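> The following file, protein_39.cif, comprises mmCIF, N, CA and C atoms:
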```cif
data_run
#
loop_
_atom_site.label_atom_id
_atom_site.label_comp_id
_atom_site.auth_asym_id
_atom_site.auth_seq_id
_atom_site.Cartn_x
_atom_site.Cartn_y
_atom_site.Cartn_z
N MET A 1 5.56 -52.32 -9.77
CA MET A 1 4.23 -51.82 -9.99
C MET A 1 4.19 -50.33 -9.61
N LEU A 2 3.60 -49.53 -10.49
CA LEU A 2 3.54 -48.10 -10.26
C LEU A 2 2.28 -47.76 -9.45
N ASN A 3 2.46 -46.89 -8.50
CA ASN A 3 1.35 -46.45 -7.68
C ASN A 3 0.93 -45.06 -8.17
N GLU A 4 -0.28 -44.95 -8.73
CA GLU A 4 -0.73 -43.70 -9.32
C GLU A 4 -0.80 -42.57 -8.30
N ASP A 5 -1.23 -42.86 -7.09
CA ASP A 5 -1.34 -41.82 -6.06
C ASP A 5 0.03 -41.22 -5.75
N LYS A 6 1.04 -42.08 -5.63
CA LYS A 6 2.38 -41.57 -5.33
C LYS A 6 2.92 -40.76 -6.49
N ILE A 7 2.66 -41.19 -7.71
CA ILE A 7 3.14 -40.46 -8.88
C ILE A 7 2.48 -39.08 -8.95
N LYS A 8 1.18 -39.03 -8.73
CA LYS A 8 0.47 -37.74 -8.72
C LYS A 8 1.01 -36.84 -7.61
N LEU A 9 1.24 -37.41 -6.45
CA LEU A 9 1.75 -36.64 -5.32
C LEU A 9 3.16 -36.10 -5.60
N MET A 10 4.02 -36.95 -6.17
CA MET A 10 5.38 -36.50 -6.51
C MET A 10 5.36 -35.44 -7.60
N ALA A 11 4.48 -35.59 -8.58
CA ALA A 11 4.37 -34.58 -9.64
C ALA A 11 3.88 -33.25 -9.06
N GLY A 12 2.92 -33.33 -8.14
CA GLY A 12 2.42 -32.11 -7.48
C GLY A 12 3.51 -31.42 -6.67
N ILE A 13 4.31 -32.22 -5.98
CA ILE A 13 5.41 -31.65 -5.19
C ILE A 13 6.44 -31.00 -6.11
N ALA A 14 6.76 -31.67 -7.21
CA ALA A 14 7.74 -31.11 -8.15
C ALA A 14 7.24 -29.81 -8.78
N MET A 15 5.96 -29.77 -9.11
CA MET A 15 5.39 -28.54 -9.68
C MET A 15 5.38 -27.42 -8.64
N PHE A 16 5.07 -27.77 -7.41
CA PHE A 16 5.08 -26.77 -6.34
C PHE A 16 6.48 -26.22 -6.14
N GLU A 17 7.50 -27.10 -6.15
CA GLU A 17 8.89 -26.65 -6.00
C GLU A 17 9.29 -25.73 -7.14
N LYS A 18 8.91 -26.07 -8.35
CA LYS A 18 9.29 -25.26 -9.51
C LYS A 18 8.60 -23.90 -9.48
N ARG A 19 7.32 -23.90 -9.12
CA ARG A 19 6.54 -22.67 -9.15
C ARG A 19 6.85 -21.75 -7.97
N GLU A 20 6.95 -22.31 -6.78
CA GLU A 20 7.07 -21.52 -5.56
C GLU A 20 8.44 -21.59 -4.90
N GLY A 21 9.31 -22.44 -5.38
CA GLY A 21 10.58 -22.71 -4.70
C GLY A 21 11.47 -21.49 -4.55
N LYS A 22 11.53 -20.64 -5.57
CA LYS A 22 12.42 -19.47 -5.51
C LYS A 22 11.98 -18.48 -4.45
N ARG A 23 10.68 -18.44 -4.18
CA ARG A 23 10.19 -17.51 -3.17
C ARG A 23 10.19 -18.10 -1.77
N ILE A 24 10.01 -19.40 -1.67
CA ILE A 24 9.80 -20.01 -0.36
C ILE A 24 11.09 -20.51 0.28
N PHE A 25 11.91 -21.21 -0.44
CA PHE A 25 13.06 -21.87 0.16
C PHE A 25 14.11 -20.91 0.74
N PRO A 26 14.46 -19.79 0.09
CA PRO A 26 15.45 -18.89 0.71
C PRO A 26 14.97 -18.31 2.05
N VAL A 27 13.69 -18.09 2.19
CA VAL A 27 13.15 -17.50 3.41
C VAL A 27 13.27 -18.46 4.58
N ASN A 28 13.26 -19.75 4.30
CA ASN A 28 13.28 -20.76 5.35
C ASN A 28 14.57 -20.74 6.16
N ARG A 29 15.59 -20.10 5.66
CA ARG A 29 16.88 -20.05 6.37
C ARG A 29 16.92 -18.97 7.46
N TYR A 30 15.91 -18.13 7.55
CA TYR A 30 15.92 -16.99 8.46
C TYR A 30 14.77 -17.03 9.45
N PHE A 31 15.01 -16.39 10.60
CA PHE A 31 13.90 -16.04 11.48
C PHE A 31 13.23 -14.82 10.87
N ARG A 32 11.99 -14.56 11.25
CA ARG A 32 11.27 -13.43 10.66
C ARG A 32 11.99 -12.11 10.89
N SER A 33 12.44 -11.88 12.12
CA SER A 33 13.10 -10.61 12.42
C SER A 33 14.41 -10.46 11.63
N ASP A 34 15.14 -11.54 11.46
CA ASP A 34 16.40 -11.48 10.70
C ASP A 34 16.13 -11.21 9.22
N TYR A 35 15.11 -11.86 8.68
CA TYR A 35 14.76 -11.69 7.27
C TYR A 35 14.34 -10.24 6.99
N ILE A 36 13.48 -9.71 7.85
CA ILE A 36 13.00 -8.35 7.65
C ILE A 36 14.13 -7.35 7.90
N SER A 37 14.94 -7.57 8.92
CA SER A 37 16.05 -6.66 9.22
C SER A 37 17.05 -6.61 8.08
N LYS A 38 17.33 -7.76 7.49
CA LYS A 38 18.26 -7.80 6.36
C LYS A 38 17.76 -6.91 5.22
N HIS A 39 16.47 -6.99 4.93
CA HIS A 39 15.92 -6.20 3.84
C HIS A 39 15.77 -4.73 4.22
N LEU A 40 15.51 -4.45 5.49
CA LEU A 40 15.46 -3.06 5.94
C LEU A 40 16.84 -2.41 5.82
N PHE A 41 17.86 -3.15 6.19
CA PHE A 41 19.24 -2.66 6.09
C PHE A 41 19.58 -2.36 4.62
N HIS A 42 19.24 -3.28 3.75
CA HIS A 42 19.49 -3.09 2.32
C HIS A 42 18.71 -1.89 1.79
N SER A 43 17.46 -1.74 2.22
CA SER A 43 16.63 -0.62 1.77
C SER A 43 17.17 0.71 2.26
N PHE A 44 17.70 0.73 3.48
CA PHE A 44 18.28 1.96 4.02
C PHE A 44 19.41 2.45 3.12
N PHE A 45 20.32 1.55 2.78
CA PHE A 45 21.45 1.95 1.94
C PHE A 45 21.00 2.28 0.51
N SER A 46 20.05 1.55 -0.01
CA SER A 46 19.56 1.84 -1.35
C SER A 46 18.91 3.22 -1.41
N PHE A 47 18.07 3.52 -0.43
CA PHE A 47 17.41 4.82 -0.42
C PHE A 47 18.42 5.95 -0.23
N THR A 48 19.38 5.75 0.66
CA THR A 48 20.38 6.79 0.92
C THR A 48 21.20 7.08 -0.32
N ILE A 49 21.65 6.05 -0.99
CA ILE A 49 22.45 6.25 -2.20
C ILE A 49 21.62 6.90 -3.29
N SER A 50 20.39 6.46 -3.46
CA SER A 50 19.51 7.06 -4.47
C SER A 50 19.23 8.53 -4.16
N TYR A 51 18.97 8.81 -2.90
CA TYR A 51 18.69 10.20 -2.52
C TYR A 51 19.91 11.09 -2.74
N LEU A 52 21.08 10.59 -2.36
CA LEU A 52 22.31 11.37 -2.57
C LEU A 52 22.58 11.61 -4.05
N LEU A 53 22.38 10.60 -4.87
CA LEU A 53 22.58 10.77 -6.31
C LEU A 53 21.61 11.80 -6.89
N CYS A 54 20.36 11.73 -6.48
CA CYS A 54 19.38 12.71 -6.96
C CYS A 54 19.72 14.12 -6.47
N ALA A 55 20.16 14.22 -5.22
CA ALA A 55 20.53 15.53 -4.68
C ALA A 55 21.74 16.11 -5.41
N VAL A 56 22.72 15.28 -5.69
CA VAL A 56 23.91 15.75 -6.42
C VAL A 56 23.53 16.19 -7.82
N ILE A 57 22.68 15.45 -8.49
CA ILE A 57 22.24 15.84 -9.84
C ILE A 57 21.49 17.15 -9.79
N TRP A 58 20.61 17.32 -8.79
CA TRP A 58 19.84 18.56 -8.67
C TRP A 58 20.78 19.74 -8.39
N VAL A 59 21.74 19.55 -7.50
CA VAL A 59 22.68 20.63 -7.18
C VAL A 59 23.51 20.99 -8.41
N LEU A 60 23.99 20.01 -9.13
CA LEU A 60 24.78 20.30 -10.33
C LEU A 60 23.95 21.00 -11.40
N TYR A 61 22.71 20.61 -11.54
CA TYR A 61 21.84 21.24 -12.53
C TYR A 61 21.53 22.69 -12.16
N ASN A 62 21.37 22.99 -10.89
CA ASN A 62 21.02 24.33 -10.42
C ASN A 62 22.20 25.07 -9.80
N MET A 63 23.41 24.68 -10.08
CA MET A 63 24.59 25.26 -9.44
C MET A 63 24.67 26.77 -9.65
N GLU A 64 24.45 27.25 -10.85
CA GLU A 64 24.58 28.69 -11.12
C GLU A 64 23.55 29.48 -10.33
N ARG A 65 22.32 29.02 -10.32
CA ARG A 65 21.25 29.71 -9.57
C ARG A 65 21.55 29.68 -8.08
N ILE A 66 22.05 28.57 -7.59
CA ILE A 66 22.35 28.44 -6.16
C ILE A 66 23.46 29.43 -5.76
N LEU A 67 24.51 29.49 -6.54
CA LEU A 67 25.65 30.35 -6.19
C LEU A 67 25.35 31.83 -6.38
N ASN A 68 24.52 32.18 -7.35
CA ASN A 68 24.22 33.59 -7.60
C ASN A 68 23.13 34.15 -6.69
N ALA A 69 22.13 33.37 -6.38
CA ALA A 69 20.95 33.92 -5.73
C ALA A 69 20.89 33.68 -4.23
N MET A 70 21.57 32.71 -3.72
CA MET A 70 21.38 32.35 -2.32
C MET A 70 22.49 32.89 -1.43
N ALA A 71 22.07 33.29 -0.28
CA ALA A 71 23.02 33.68 0.76
C ALA A 71 23.32 32.44 1.59
N LEU A 72 24.28 32.56 2.49
CA LEU A 72 24.68 31.44 3.32
C LEU A 72 23.51 30.91 4.16
N GLU A 73 22.68 31.81 4.70
CA GLU A 73 21.53 31.39 5.50
C GLU A 73 20.53 30.59 4.68
N GLU A 74 20.34 30.99 3.43
CA GLU A 74 19.42 30.27 2.56
C GLU A 74 19.96 28.88 2.21
N ILE A 75 21.26 28.79 2.03
CA ILE A 75 21.87 27.49 1.73
C ILE A 75 21.72 26.56 2.94
N ILE A 76 21.92 27.08 4.15
CA ILE A 76 21.75 26.28 5.36
C ILE A 76 20.29 25.86 5.51
N ALA A 77 19.35 26.75 5.26
CA ALA A 77 17.92 26.42 5.34
C ALA A 77 17.57 25.35 4.29
N ALA A 78 18.13 25.48 3.09
CA ALA A 78 17.87 24.47 2.05
C ALA A 78 18.46 23.12 2.46
N GLY A 79 19.61 23.13 3.10
CA GLY A 79 20.21 21.89 3.60
C GLY A 79 19.36 21.24 4.67
N GLN A 80 18.80 22.06 5.56
CA GLN A 80 17.91 21.53 6.60
C GLN A 80 16.64 20.93 5.99
N ASP A 81 16.09 21.63 4.98
CA ASP A 81 14.92 21.10 4.30
C ASP A 81 15.23 19.78 3.60
N THR A 82 16.42 19.72 3.01
CA THR A 82 16.84 18.50 2.33
C THR A 82 16.95 17.35 3.33
N LEU A 83 17.53 17.60 4.49
CA LEU A 83 17.64 16.56 5.51
C LEU A 83 16.26 16.14 6.04
N PHE A 84 15.37 17.11 6.17
CA PHE A 84 14.01 16.79 6.62
C PHE A 84 13.32 15.87 5.62
N PHE A 85 13.39 16.24 4.34
CA PHE A 85 12.75 15.41 3.31
C PHE A 85 13.42 14.04 3.21
N TYR A 86 14.73 13.99 3.43
CA TYR A 86 15.43 12.70 3.45
C TYR A 86 14.90 11.83 4.58
N GLY A 87 14.76 12.41 5.76
CA GLY A 87 14.27 11.65 6.92
C GLY A 87 12.85 11.16 6.72
N VAL A 88 11.97 12.02 6.25
CA VAL A 88 10.58 11.62 6.03
C VAL A 88 10.51 10.54 4.94
N GLY A 89 11.23 10.76 3.84
CA GLY A 89 11.24 9.77 2.75
C GLY A 89 11.79 8.43 3.20
N LEU A 90 12.85 8.48 4.02
CA LEU A 90 13.45 7.24 4.52
C LEU A 90 12.49 6.48 5.42
N ILE A 91 11.81 7.19 6.29
CA ILE A 91 10.86 6.53 7.19
C ILE A 91 9.73 5.89 6.39
N VAL A 92 9.18 6.62 5.43
CA VAL A 92 8.10 6.07 4.61
C VAL A 92 8.59 4.85 3.84
N TYR A 93 9.77 4.94 3.25
CA TYR A 93 10.33 3.84 2.47
C TYR A 93 10.59 2.61 3.35
N LEU A 94 11.11 2.81 4.54
CA LEU A 94 11.38 1.69 5.44
C LEU A 94 10.09 1.05 5.95
N VAL A 95 9.06 1.84 6.18
CA VAL A 95 7.77 1.28 6.60
C VAL A 95 7.19 0.42 5.48
N ILE A 96 7.25 0.92 4.25
CA ILE A 96 6.76 0.14 3.12
C ILE A 96 7.59 -1.14 2.96
N THR A 97 8.90 -1.03 3.11
CA THR A 97 9.77 -2.21 3.02
C THR A 97 9.41 -3.21 4.10
N TRP A 98 9.19 -2.74 5.32
CA TRP A 98 8.83 -3.63 6.42
C TRP A 98 7.53 -4.37 6.12
N LEU A 99 6.53 -3.65 5.62
CA LEU A 99 5.24 -4.27 5.32
C LEU A 99 5.37 -5.31 4.21
N VAL A 100 6.11 -4.97 3.17
CA VAL A 100 6.26 -5.88 2.03
C VAL A 100 6.99 -7.15 2.45
N TYR A 101 8.10 -7.03 3.15
CA TYR A 101 8.88 -8.22 3.48
C TYR A 101 8.27 -9.02 4.63
N ARG A 102 7.49 -8.41 5.47
CA ARG A 102 6.75 -9.16 6.47
C ARG A 102 5.71 -10.04 5.80
N ARG A 103 5.02 -9.47 4.82
CA ARG A 103 4.02 -10.22 4.07
C ARG A 103 4.66 -11.35 3.27
N ARG A 104 5.81 -11.09 2.64
CA ARG A 104 6.51 -12.13 1.89
C ARG A 104 6.95 -13.26 2.81
N TYR A 105 7.41 -12.91 4.00
CA TYR A 105 7.84 -13.94 4.95
C TYR A 105 6.65 -14.81 5.36
N GLU A 106 5.54 -14.19 5.67
CA GLU A 106 4.35 -14.95 6.08
C GLU A 106 3.87 -15.84 4.94
N TYR A 107 3.87 -15.33 3.71
CA TYR A 107 3.47 -16.12 2.55
C TYR A 107 4.40 -17.32 2.39
N SER A 108 5.68 -17.10 2.56
CA SER A 108 6.65 -18.18 2.41
C SER A 108 6.50 -19.23 3.50
N LYS A 109 6.23 -18.80 4.71
CA LYS A 109 6.04 -19.76 5.79
C LYS A 109 4.79 -20.61 5.57
N ARG A 110 3.71 -19.99 5.09
CA ARG A 110 2.51 -20.76 4.78
C ARG A 110 2.79 -21.76 3.65
N GLY A 111 3.52 -21.31 2.64
CA GLY A 111 3.89 -22.19 1.54
C GLY A 111 4.77 -23.33 2.00
N MET A 112 5.65 -23.05 2.93
CA MET A 112 6.53 -24.10 3.46
C MET A 112 5.72 -25.14 4.23
N LYS A 113 4.69 -24.71 4.94
CA LYS A 113 3.84 -25.66 5.65
C LYS A 113 3.11 -26.57 4.67
N VAL A 114 2.65 -26.01 3.56
CA VAL A 114 2.00 -26.82 2.54
C VAL A 114 2.98 -27.82 1.95
N TYR A 115 4.19 -27.37 1.67
CA TYR A 115 5.23 -28.23 1.10
C TYR A 115 5.57 -29.39 2.05
N VAL A 116 5.74 -29.07 3.31
CA VAL A 116 6.06 -30.11 4.30
C VAL A 116 4.90 -31.08 4.46
N ALA A 117 3.67 -30.59 4.41
CA ALA A 117 2.51 -31.48 4.51
C ALA A 117 2.47 -32.45 3.33
N LYS A 118 2.79 -31.95 2.14
CA LYS A 118 2.82 -32.83 0.97
C LYS A 118 3.93 -33.88 1.10
N LEU A 119 5.07 -33.47 1.60
CA LEU A 119 6.16 -34.43 1.79
C LEU A 119 5.80 -35.48 2.83
N LYS A 120 5.13 -35.07 3.89
CA LYS A 120 4.72 -36.03 4.92
C LYS A 120 3.71 -37.02 4.36
N ARG A 121 2.80 -36.52 3.54
CA ARG A 121 1.83 -37.42 2.93
C ARG A 121 2.52 -38.44 2.02
N LEU A 122 3.51 -37.99 1.26
CA LEU A 122 4.27 -38.90 0.41
C LEU A 122 5.04 -39.92 1.26
N GLU A 123 5.61 -39.46 2.36
CA GLU A 123 6.34 -40.37 3.24
C GLU A 123 5.41 -41.44 3.82
N LYS A 124 4.21 -41.04 4.18
CA LYS A 124 3.25 -42.01 4.72
C LYS A 124 2.87 -43.04 3.66
N ARG A 125 2.77 -42.62 2.42
CA ARG A 125 2.47 -43.57 1.34
C ARG A 125 3.59 -44.60 1.22
N TYR A 126 4.84 -44.13 1.30
CA TYR A 126 5.98 -45.05 1.23
C TYR A 126 5.99 -46.00 2.43
N GLU A 127 5.74 -45.46 3.61
CA GLU A 127 5.71 -46.31 4.81
C GLU A 127 4.61 -47.37 4.70
N PHE A 128 3.44 -46.97 4.20
CA PHE A 128 2.34 -47.91 4.04
C PHE A 128 2.71 -49.01 3.05
N GLN A 129 3.32 -48.62 1.94
CA GLN A 129 3.72 -49.59 0.94
C GLN A 129 4.80 -50.53 1.48
N ASN A 130 5.77 -49.99 2.22
CA ASN A 130 6.83 -50.84 2.80
C ASN A 130 6.25 -51.82 3.82
N ARG A 131 5.32 -51.35 4.66
CA ARG A 131 4.69 -52.25 5.63
C ARG A 131 3.90 -53.36 4.93
N ALA A 132 3.22 -53.00 3.87
CA ALA A 132 2.45 -54.00 3.13
C ALA A 132 3.37 -55.05 2.53
N LYS A 133 4.52 -54.61 1.99
CA LYS A 133 5.49 -55.56 1.43
C LYS A 133 6.05 -56.47 2.52
N GLU A 134 6.39 -55.90 3.67
CA GLU A 134 6.94 -56.69 4.77
C GLU A 134 5.93 -57.71 5.28
N LEU A 135 4.68 -57.29 5.39
CA LEU A 135 3.64 -58.21 5.86
C LEU A 135 3.41 -59.34 4.86
N SER A 136 3.45 -59.01 3.59
CA SER A 136 3.25 -60.07 2.59
C SER A 136 4.42 -61.04 2.58
N LYS A 137 5.64 -60.56 2.81
CA LYS A 137 6.80 -61.44 2.88
C LYS A 137 6.72 -62.33 4.11
N GLU A 138 6.34 -61.77 5.26
CA GLU A 138 6.23 -62.55 6.49
C GLU A 138 5.14 -63.58 6.38
N GLY A 139 4.04 -63.21 5.76
CA GLY A 139 2.95 -64.16 5.58
C GLY A 139 3.37 -65.31 4.69
N GLY A 140 4.17 -65.06 3.68
CA GLY A 140 4.65 -66.11 2.78
C GLY A 140 5.57 -67.06 3.50
N ARG A 141 6.39 -66.58 4.41
CA ARG A 141 7.31 -67.43 5.17
C ARG A 141 6.53 -68.36 6.10
N HIS A 142 5.49 -67.82 6.74
CA HIS A 142 4.71 -68.62 7.67
C HIS A 142 3.92 -69.69 6.92
N ASP A 143 3.45 -69.35 5.74
CA ASP A 143 2.69 -70.34 4.96
C ASP A 143 3.58 -71.51 4.56
N ARG A 144 4.80 -71.19 4.12
CA ARG A 144 5.74 -72.25 3.71
C ARG A 144 6.13 -73.13 4.90
N ALA A 145 6.28 -72.53 6.03
CA ALA A 145 6.69 -73.29 7.24
C ALA A 145 5.57 -74.23 7.69
N SER A 146 4.35 -73.82 7.53
CA SER A 146 3.25 -74.66 7.99
C SER A 146 2.98 -75.79 7.02
N ARG A 147 3.38 -75.65 5.73
CA ARG A 147 3.15 -76.71 4.74
C ARG A 147 4.07 -77.91 4.95
N THR A 148 5.28 -77.71 5.39
CA THR A 148 6.24 -78.81 5.50
C THR A 148 6.15 -79.55 6.76
#
```
Turn this file's structure into structure tokens for me.


Amino acid sequence: MLNEDKIKLMAGIAMFEKREGKRIFPVNRYFRSDYISKHLFHSFFSFTISYLLCAVIWVLYNMERILNAMALEEIIAAGQDTLFFYGVGLIVYLVITWLVYRRRYEYSKRGMKVYVAKLKRLEKRYEFQNRAKELSKEGGRHDRASRT
């Protein structure tokens, strides 16, 4: 016999897994600080490589102007400015990364609580059904014993 409540509950759980599973389940393997640190580390290297590539392209594009017009002091000042902008950009980028991944972690944890609650509700339905079956079997044995 099919139990409509259990079928609806299982379908809801399956839809939740399909819709939210890619965002929620990978996060469950980490503590919050580890999850955010991993993404901050990745963001640091991504920003650094991107900044270096942009700087190299800019230097190559302006190479003639740089070599003809600038003295050594100007090149050093430009290098200091470049490092300053790198530092400020990196800090801003890491703060944004921290905010984004902290929010994603919290969203995933809330989603995981919902998922676990649905699974517990399904488990209780199974336990209730198993207890009902056991009680009906025990009642049938006692009835047969009292008849003979």

> Do you know which residues are at most 8 Å from Phe25 in chain A counting all atoms listed in the file, after dropping those on the same chain fewer than 6 positions away, and could you put them as a PDB file with N, CA and C atoms, in the coordinates of the input?


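Below you can see part.pdb, which holds the result:
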```
ATOM      1  N   SER A 108       5.680 -17.100   2.560  1.00  0.00           N
ATOM      2  CA  SER A 108       6.650 -18.180   2.410  1.00  0.00           C
ATOM      3  C   SER A 108       6.500 -19.230   3.500  1.00  0.00           C
ATOM      4  N   GLY A 111       3.520 -21.310   2.640  1.00  0.00           N
ATOM      5  CA  GLY A 111       3.890 -22.190   1.540  1.00  0.00           C
ATOM      6  C   GLY A 111       4.770 -23.330   2.000  1.00  0.00           C
ATOM      7  N   MET A 112       5.650 -23.050   2.930  1.00  0.00           N
ATOM      8  CA  MET A 112       6.530 -24.100   3.460  1.00  0.00           C
ATOM      9  C   MET A 112       5.720 -25.140   4.230  1.00  0.00           C
TER      10      MET A 112
END
```

> Do you have the CA of Glu74 in chain A-CA of Val88 in chain A distance handy?

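Computing the Euclidean distance for CA of Glu74 in chain A and CA of Val88 in chain A yields 20.9 Å.
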
> Evaluated on this file, the PyMOL selection byres ((chain A and resi 19-24) around 8) picks out some residues - which ones are they, written as a CSV table (one decimal) with N, CA and C atoms, in the coordinates of the input?


```csv
chain,number,residue,atom,x,y,z
A,13,ILE,N,4.3,-32.2,-6.0
A,13,ILE,CA,5.4,-31.6,-5.2
A,13,ILE,C,6.4,-31.0,-6.1
A,14,ALA,N,6.8,-31.7,-7.2
A,14,ALA,CA,7.7,-31.1,-8.2
A,14,ALA,C,7.2,-29.8,-8.8
A,15,MET,N,6.0,-29.8,-9.1
A,15,MET,CA,5.4,-28.5,-9.7
A,15,MET,C,5.4,-27.4,-8.6
A,16,PHE,N,5.1,-27.8,-7.4
A,16,PHE,CA,5.1,-26.8,-6.3
A,16,PHE,C,6.5,-26.2,-6.1
A,17,GLU,N,7.5,-27.1,-6.2
A,17,GLU,CA,8.9,-26.6,-6.0
A,17,GLU,C,9.3,-25.7,-7.1
A,18,LYS,N,8.9,-26.1,-8.4
A,18,LYS,CA,9.3,-25.3,-9.5
A,18,LYS,C,8.6,-23.9,-9.5
A,25,PHE,N,11.9,-21.2,-0.4
A,25,PHE,CA,13.1,-21.9,0.2
A,25,PHE,C,14.1,-20.9,0.7
A,26,PRO,N,14.5,-19.8,0.1
A,26,PRO,CA,15.4,-18.9,0.7
A,26,PRO,C,15.0,-18.3,2.0
A,27,VAL,N,13.7,-18.1,2.2
A,27,VAL,CA,13.2,-17.5,3.4
A,27,VAL,C,13.3,-18.5,4.6
A,28,ASN,N,13.3,-19.8,4.3
A,28,ASN,CA,13.3,-20.8,5.4
A,28,ASN,C,14.6,-20.7,6.2
A,29,ARG,N,15.6,-20.1,5.7
A,29,ARG,CA,16.9,-20.0,6.4
A,29,ARG,C,16.9,-19.0,7.5
A,104,ARG,N,5.8,-11.1,2.6
A,104,ARG,CA,6.5,-12.1,1.9
A,104,ARG,C,7.0,-13.3,2.8
A,107,TYR,N,3.9,-15.3,3.7
A,107,TYR,CA,3.5,-16.1,2.6
A,107,TYR,C,4.4,-17.3,2.4
A,108,SER,N,5.7,-17.1,2.6
A,108,SER,CA,6.6,-18.2,2.4
A,108,SER,C,6.5,-19.2,3.5
A,109,LYS,N,6.2,-18.8,4.7
A,109,LYS,CA,6.0,-19.8,5.8
A,109,LYS,C,4.8,-20.6,5.6
A,111,GLY,N,3.5,-21.3,2.6
A,111,GLY,CA,3.9,-22.2,1.5
A,111,GLY,C,4.8,-23.3,2.0
A,112,MET,N,5.6,-23.0,2.9
A,112,MET,CA,6.5,-24.1,3.5
A,112,MET,C,5.7,-25.1,4.2
```

> Counting only N, CA and C atoms, which of A:Arg32, A:Asn62, A:Ile76, A:Gly89 gets nearest to Phe47 in chain A?

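Among the listed residues, the smallest separation from Phe47 in chain A belongs to A:Gly89.
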
> Just to confirm, what's the straight-line distance from atom N of Trp98 in chain A to atom C of Tyr51 in chain A in Å (one decimal)?

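Atom-to-atom, atom N of Trp98 in chain A to atom C of Tyr51 in chain A, that is 19.3 Å.
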
> With N, CA, C and O atoms as the goal, would you fill in the gaps in range 52-65 of chain A and present it as a CSV table (one decimal), in the frame of the given file?


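The resulting selection_27.csv:
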```
chain,number,residue,atom,x,y,z
A,52,LEU,N,21.1,10.6,-2.4
A,52,LEU,CA,22.3,11.4,-2.6
A,52,LEU,C,22.6,11.6,-4.0
A,52,LEU,O,23.0,12.7,-4.4
A,53,LEU,N,22.4,10.6,-4.9
A,53,LEU,CA,22.6,10.8,-6.3
A,53,LEU,C,21.6,11.8,-6.9
A,53,LEU,O,22.0,12.7,-7.7
A,54,CYS,N,20.4,11.7,-6.5
A,54,CYS,CA,19.4,12.7,-7.0
A,54,CYS,C,19.7,14.1,-6.5
A,54,CYS,O,19.6,15.1,-7.2
A,55,ALA,N,20.2,14.2,-5.2
A,55,ALA,CA,20.5,15.5,-4.7
A,55,ALA,C,21.7,16.1,-5.4
A,55,ALA,O,21.8,17.3,-5.7
A,56,VAL,N,22.7,15.3,-5.7
A,56,VAL,CA,23.9,15.8,-6.4
A,56,VAL,C,23.5,16.2,-7.8
A,56,VAL,O,24.0,17.2,-8.3
A,57,ILE,N,22.7,15.4,-8.5
A,57,ILE,CA,22.2,15.8,-9.8
A,57,ILE,C,21.5,17.2,-9.8
A,57,ILE,O,21.7,18.0,-10.6
A,58,TRP,N,20.6,17.3,-8.8
A,58,TRP,CA,19.8,18.6,-8.7
A,58,TRP,C,20.8,19.7,-8.4
A,58,TRP,O,20.6,20.8,-9.0
A,59,VAL,N,21.7,19.6,-7.5
A,59,VAL,CA,22.7,20.6,-7.2
A,59,VAL,C,23.5,21.0,-8.4
A,59,VAL,O,23.7,22.2,-8.7
A,60,LEU,N,24.0,20.0,-9.1
A,60,LEU,CA,24.8,20.3,-10.3
A,60,LEU,C,24.0,21.0,-11.4
A,60,LEU,O,24.4,21.9,-12.1
A,61,TYR,N,22.7,20.6,-11.5
A,61,TYR,CA,21.8,21.2,-12.5
A,61,TYR,C,21.5,22.7,-12.2
A,61,TYR,O,21.5,23.6,-13.0
A,62,ASN,N,21.4,23.0,-10.9
A,62,ASN,CA,21.0,24.3,-10.4
A,62,ASN,C,22.2,25.1,-9.8
A,62,ASN,O,22.0,26.0,-9.0
A,63,MET,N,23.4,24.7,-10.1
A,63,MET,CA,24.6,25.3,-9.4
A,63,MET,C,24.7,26.8,-9.6
A,63,MET,O,24.9,27.5,-8.7
A,64,GLU,N,24.4,27.2,-10.8
A,64,GLU,CA,24.6,28.7,-11.1
A,64,GLU,C,23.6,29.5,-10.3
A,64,GLU,O,23.9,30.5,-9.7
A,65,ARG,N,22.3,29.0,-10.3
A,65,ARG,CA,21.2,29.7,-9.6
A,65,ARG,C,21.6,29.7,-8.1
A,65,ARG,O,21.3,30.7,-7.4
```
